[in-house]
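A short write-up of the structure that comes next.
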Amino acid sequence: AQPTDEQINALEDKANDLTALHQVYSNRKSEYPKIGDQLDKIYHEGIDAWKADMITPIKNKYPKGKE
């Protein structure tokens, strides 16, 4: 049986969403500091400072979109 146009469109929308999400993750990965720097931040200033200074700004810059 052939898929309906509705099914094809739904799959295409899902593929577009996944492509966009992959780009978000790629952008974030390229901007996160090196793991050693992140661990140093956690050790010296704690998890909350690490999230506030190193993680949240990048996540805000590259939001996932649909959630």
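Naming works like this for the structure tokens: A, B, ... for the chains as they're shown, residue 1 at the start of each chain, ligands 1 onward in shown order.
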
Using DSSP assignments from the backbone, pull out every residue in chain A that falls under alpha helix (DSSP H) and give it to me as a PDB file with N, CA and C atoms, in the first residue's frame.
ATOM      1  N   ASP A   5      -0.655  11.133   1.337  1.00  0.00           N
ATOM      2  CA  ASP A   5       0.049  12.422   1.344  1.00  0.00           C
ATOM      3  C   ASP A   5       0.216  12.924   2.777  1.00  0.00           C
ATOM      4  N   GLU A   6      -0.775  12.682   3.601  1.00  0.00           N
ATOM      5  CA  GLU A   6      -0.721  13.102   5.003  1.00  0.00           C
ATOM      6  C   GLU A   6       0.428  12.396   5.732  1.00  0.00           C
ATOM      7  N   GLN A   7       0.591  11.115   5.493  1.00  0.00           N
ATOM      8  CA  GLN A   7       1.675  10.360   6.111  1.00  0.00           C
ATOM      9  C   GLN A   7       3.041  10.843   5.627  1.00  0.00           C
ATOM     10  N   ILE A   8       3.144  11.089   4.345  1.00  0.00           N
ATOM     11  CA  ILE A   8       4.399  11.592   3.779  1.00  0.00           C
ATOM     12  C   ILE A   8       4.737  12.958   4.359  1.00  0.00           C
ATOM     13  N   ASN A   9       3.743  13.834   4.445  1.00  0.00           N
ATOM     14  CA  ASN A   9       3.958  15.170   5.006  1.00  0.00           C
ATOM     15  C   ASN A   9       4.365  15.097   6.465  1.00  0.00           C
ATOM     16  N   ALA A  10       3.748  14.196   7.221  1.00  0.00           N
ATOM     17  CA  ALA A  10       4.091  14.034   8.637  1.00  0.00           C
ATOM     18  C   ALA A  10       5.539  13.570   8.790  1.00  0.00           C
ATOM     19  N   LEU A  11       5.955  12.631   7.951  1.00  0.00           N
ATOM     20  CA  LEU A  11       7.333  12.156   8.010  1.00  0.00           C
ATOM     21  C   LEU A  11       8.321  13.240   7.586  1.00  0.00           C
ATOM     22  N   GLU A  12       7.943  14.014   6.599  1.00  0.00           N
ATOM     23  CA  GLU A  12       8.806  15.104   6.158  1.00  0.00           C
ATOM     24  C   GLU A  12       8.949  16.157   7.255  1.00  0.00           C
ATOM     25  N   ASP A  13       7.852  16.467   7.936  1.00  0.00           N
ATOM     26  CA  ASP A  13       7.901  17.414   9.056  1.00  0.00           C
ATOM     27  C   ASP A  13       8.812  16.887  10.165  1.00  0.00           C
ATOM     28  N   LYS A  14       8.690  15.599  10.464  1.00  0.00           N
ATOM     29  CA  LYS A  14       9.524  14.988  11.501  1.00  0.00           C
ATOM     30  C   LYS A  14      11.002  15.041  11.102  1.00  0.00           C
ATOM     31  N   ALA A  15      11.292  14.759   9.853  1.00  0.00           N
ATOM     32  CA  ALA A  15      12.671  14.823   9.364  1.00  0.00           C
ATOM     33  C   ALA A  15      13.220  16.240   9.459  1.00  0.00           C
ATOM     34  N   ASN A  16      12.410  17.223   9.121  1.00  0.00           N
ATOM     35  CA  ASN A  16      12.839  18.620   9.232  1.00  0.00           C
ATOM     36  C   ASN A  16      13.109  19.001  10.683  1.00  0.00           C
ATOM     37  N   ASP A  17      12.248  18.550  11.586  1.00  0.00           N
ATOM     38  CA  ASP A  17      12.450  18.815  13.013  1.00  0.00           C
ATOM     39  C   ASP A  17      13.754  18.188  13.508  1.00  0.00           C
ATOM     40  N   LEU A  18      14.012  16.961  13.098  1.00  0.00           N
ATOM     41  CA  LEU A  18      15.235  16.280  13.524  1.00  0.00           C
ATOM     42  C   LEU A  18      16.476  16.945  12.942  1.00  0.00           C
ATOM     43  N   THR A  19      16.388  17.403  11.721  1.00  0.00           N
ATOM     44  CA  THR A  19      17.509  18.112  11.101  1.00  0.00           C
ATOM     45  C   THR A  19      17.799  19.407  11.854  1.00  0.00           C
ATOM     46  N   ALA A  20      16.754  20.136  12.201  1.00  0.00           N
ATOM     47  CA  ALA A  20      16.924  21.384  12.950  1.00  0.00           C
ATOM     48  C   ALA A  20      17.512  21.110  14.332  1.00  0.00           C
ATOM     49  N   LEU A  21      17.039  20.056  14.984  1.00  0.00           N
ATOM     50  CA  LEU A  21      17.554  19.705  16.304  1.00  0.00           C
ATOM     51  C   LEU A  21      19.029  19.309  16.224  1.00  0.00           C
ATOM     52  N   HIS A  22      19.388  18.569  15.195  1.00  0.00           N
ATOM     53  CA  HIS A  22      20.791  18.203  14.999  1.00  0.00           C
ATOM     54  C   HIS A  22      21.653  19.456  14.853  1.00  0.00           C
ATOM     55  N   GLN A  23      21.169  20.451  14.140  1.00  0.00           N
ATOM     56  CA  GLN A  23      21.922  21.695  13.957  1.00  0.00           C
ATOM     57  C   GLN A  23      22.082  22.418  15.291  1.00  0.00           C
ATOM     58  N   VAL A  24      21.036  22.423  16.113  1.00  0.00           N
ATOM     59  CA  VAL A  24      21.123  23.046  17.436  1.00  0.00           C
ATOM     60  C   VAL A  24      22.214  22.370  18.251  1.00  0.00           C
ATOM     61  N   TYR A  25      22.204  21.041  18.300  1.00  0.00           N
ATOM     62  CA  TYR A  25      23.218  20.308  19.068  1.00  0.00           C
ATOM     63  C   TYR A  25      24.616  20.563  18.524  1.00  0.00           C
ATOM     64  N   SER A  26      24.747  20.634  17.217  1.00  0.00           N
ATOM     65  CA  SER A  26      26.046  20.895  16.608  1.00  0.00           C
ATOM     66  C   SER A  26      26.550  22.294  16.978  1.00  0.00           C
ATOM     67  N   ASN A  27      25.649  23.275  16.920  1.00  0.00           N
ATOM     68  CA  ASN A  27      26.021  24.641  17.289  1.00  0.00           C
ATOM     69  C   ASN A  27      26.437  24.721  18.754  1.00  0.00           C
ATOM     70  N   ARG A  28      25.677  24.081  19.621  1.00  0.00           N
ATOM     71  CA  ARG A  28      26.002  24.088  21.047  1.00  0.00           C
ATOM     72  C   ARG A  28      27.354  23.437  21.283  1.00  0.00           C
ATOM     73  N   LYS A  29      27.557  22.279  20.695  1.00  0.00           N
ATOM     74  CA  LYS A  29      28.803  21.532  20.900  1.00  0.00           C
ATOM     75  C   LYS A  29      30.014  22.372  20.516  1.00  0.00           C
ATOM     76  N   SER A  30      29.907  23.112  19.429  1.00  0.00           N
ATOM     77  CA  SER A  30      31.045  23.910  18.965  1.00  0.00           C
ATOM     78  C   SER A  30      31.352  25.079  19.889  1.00  0.00           C
ATOM     79  N   GLU A  31      30.395  25.489  20.711  1.00  0.00           N
ATOM     80  CA  GLU A  31      30.603  26.649  21.584  1.00  0.00           C
ATOM     81  C   GLU A  31      30.835  26.303  23.050  1.00  0.00           C
ATOM     82  N   ILE A  35      36.040  20.252  28.052  1.00  0.00           N
ATOM     83  CA  ILE A  35      35.565  19.548  29.234  1.00  0.00           C
ATOM     84  C   ILE A  35      36.433  19.837  30.461  1.00  0.00           C
ATOM     85  N   GLY A  36      37.735  19.967  30.261  1.00  0.00           N
ATOM     86  CA  GLY A  36      38.620  20.278  31.383  1.00  0.00           C
ATOM     87  C   GLY A  36      38.283  21.614  32.016  1.00  0.00           C
ATOM     88  N   ASP A  37      37.971  22.600  31.175  1.00  0.00           N
ATOM     89  CA  ASP A  37      37.589  23.917  31.687  1.00  0.00           C
ATOM     90  C   ASP A  37      36.251  23.843  32.428  1.00  0.00           C
ATOM     91  N   GLN A  38      35.340  23.031  31.908  1.00  0.00           N
ATOM     92  CA  GLN A  38      34.049  22.880  32.570  1.00  0.00           C
ATOM     93  C   GLN A  38      34.208  22.212  33.934  1.00  0.00           C
ATOM     94  N   LEU A  39      35.007  21.161  33.977  1.00  0.00           N
ATOM     95  CA  LEU A  39      35.223  20.464  35.247  1.00  0.00           C
ATOM     96  C   LEU A  39      35.939  21.358  36.263  1.00  0.00           C
ATOM     97  N   ASP A  40      36.870  22.166  35.794  1.00  0.00           N
ATOM     98  CA  ASP A  40      37.561  23.106  36.667  1.00  0.00           C
ATOM     99  C   ASP A  40      36.577  24.108  37.261  1.00  0.00           C
ATOM    100  N   LYS A  41      35.678  24.585  36.430  1.00  0.00           N
ATOM    101  CA  LYS A  41      34.645  25.530  36.893  1.00  0.00           C
ATOM    102  C   LYS A  41      33.770  24.874  37.964  1.00  0.00           C
ATOM    103  N   ILE A  42      33.358  23.650  37.724  1.00  0.00           N
ATOM    104  CA  ILE A  42      32.534  22.932  38.703  1.00  0.00           C
ATOM    105  C   ILE A  42      33.300  22.755  40.009  1.00  0.00           C
ATOM    106  N   TYR A  43      34.557  22.354  39.924  1.00  0.00           N
ATOM    107  CA  TYR A  43      35.372  22.098  41.118  1.00  0.00           C
ATOM    108  C   TYR A  43      35.544  23.367  41.953  1.00  0.00           C
ATOM    109  N   HIS A  44      35.850  24.480  41.289  1.00  0.00           N
ATOM    110  CA  HIS A  44      36.153  25.712  42.014  1.00  0.00           C
ATOM    111  C   HIS A  44      34.928  26.539  42.387  1.00  0.00           C
ATOM    112  N   GLU A  45      33.875  26.471  41.565  1.00  0.00           N
ATOM    113  CA  GLU A  45      32.736  27.365  41.793  1.00  0.00           C
ATOM    114  C   GLU A  45      31.400  26.654  41.957  1.00  0.00           C
ATOM    115  N   ILE A  47      28.347  23.550  40.692  1.00  0.00           N
ATOM    116  CA  ILE A  47      27.472  23.221  39.559  1.00  0.00           C
ATOM    117  C   ILE A  47      26.627  24.423  39.131  1.00  0.00           C
ATOM    118  N   ASP A  48      26.096  25.153  40.106  1.00  0.00           N
ATOM    119  CA  ASP A  48      25.222  26.278  39.753  1.00  0.00           C
ATOM    120  C   ASP A  48      25.962  27.341  38.943  1.00  0.00           C
ATOM    121  N   ALA A  49      27.199  27.633  39.325  1.00  0.00           N
ATOM    122  CA  ALA A  49      27.995  28.616  38.581  1.00  0.00           C
ATOM    123  C   ALA A  49      28.320  28.084  37.183  1.00  0.00           C
ATOM    124  N   TRP A  50      28.633  26.811  37.097  1.00  0.00           N
ATOM    125  CA  TRP A  50      28.918  26.182  35.799  1.00  0.00           C
ATOM    126  C   TRP A  50      27.718  26.311  34.869  1.00  0.00           C
ATOM    127  N   THR A  56      23.937  27.590  30.361  1.00  0.00           N
ATOM    128  CA  THR A  56      22.688  28.298  30.077  1.00  0.00           C
ATOM    129  C   THR A  56      22.813  29.339  28.963  1.00  0.00           C
ATOM    130  N   PRO A  57      23.879  30.164  28.937  1.00  0.00           N
ATOM    131  CA  PRO A  57      23.967  31.142  27.845  1.00  0.00           C
ATOM    132  C   PRO A  57      23.983  30.493  26.448  1.00  0.00           C
ATOM    133  N   ILE A  58      24.639  29.357  26.334  1.00  0.00           N
ATOM    134  CA  ILE A  58      24.703  28.683  25.036  1.00  0.00           C
ATOM    135  C   ILE A  58      23.361  28.040  24.708  1.00  0.00           C
ATOM    136  N   LYS A  59      22.724  27.447  25.707  1.00  0.00           N
ATOM    137  CA  LYS A  59      21.401  26.862  25.468  1.00  0.00           C
ATOM    138  C   LYS A  59      20.397  27.944  25.086  1.00  0.00           C
ATOM    139  N   ASN A  60      20.521  29.116  25.689  1.00  0.00           N
ATOM    140  CA  ASN A  60      19.622  30.217  25.337  1.00  0.00           C
ATOM    141  C   ASN A  60      19.917  30.745  23.933  1.00  0.00           C
ATOM    142  N   LYS A  61      21.180  30.718  23.552  1.00  0.00           N
ATOM    143  CA  LYS A  61      21.569  31.193  22.223  1.00  0.00           C
ATOM    144  C   LYS A  61      21.058  30.242  21.140  1.00  0.00           C
TER     145      LYS A  61
END
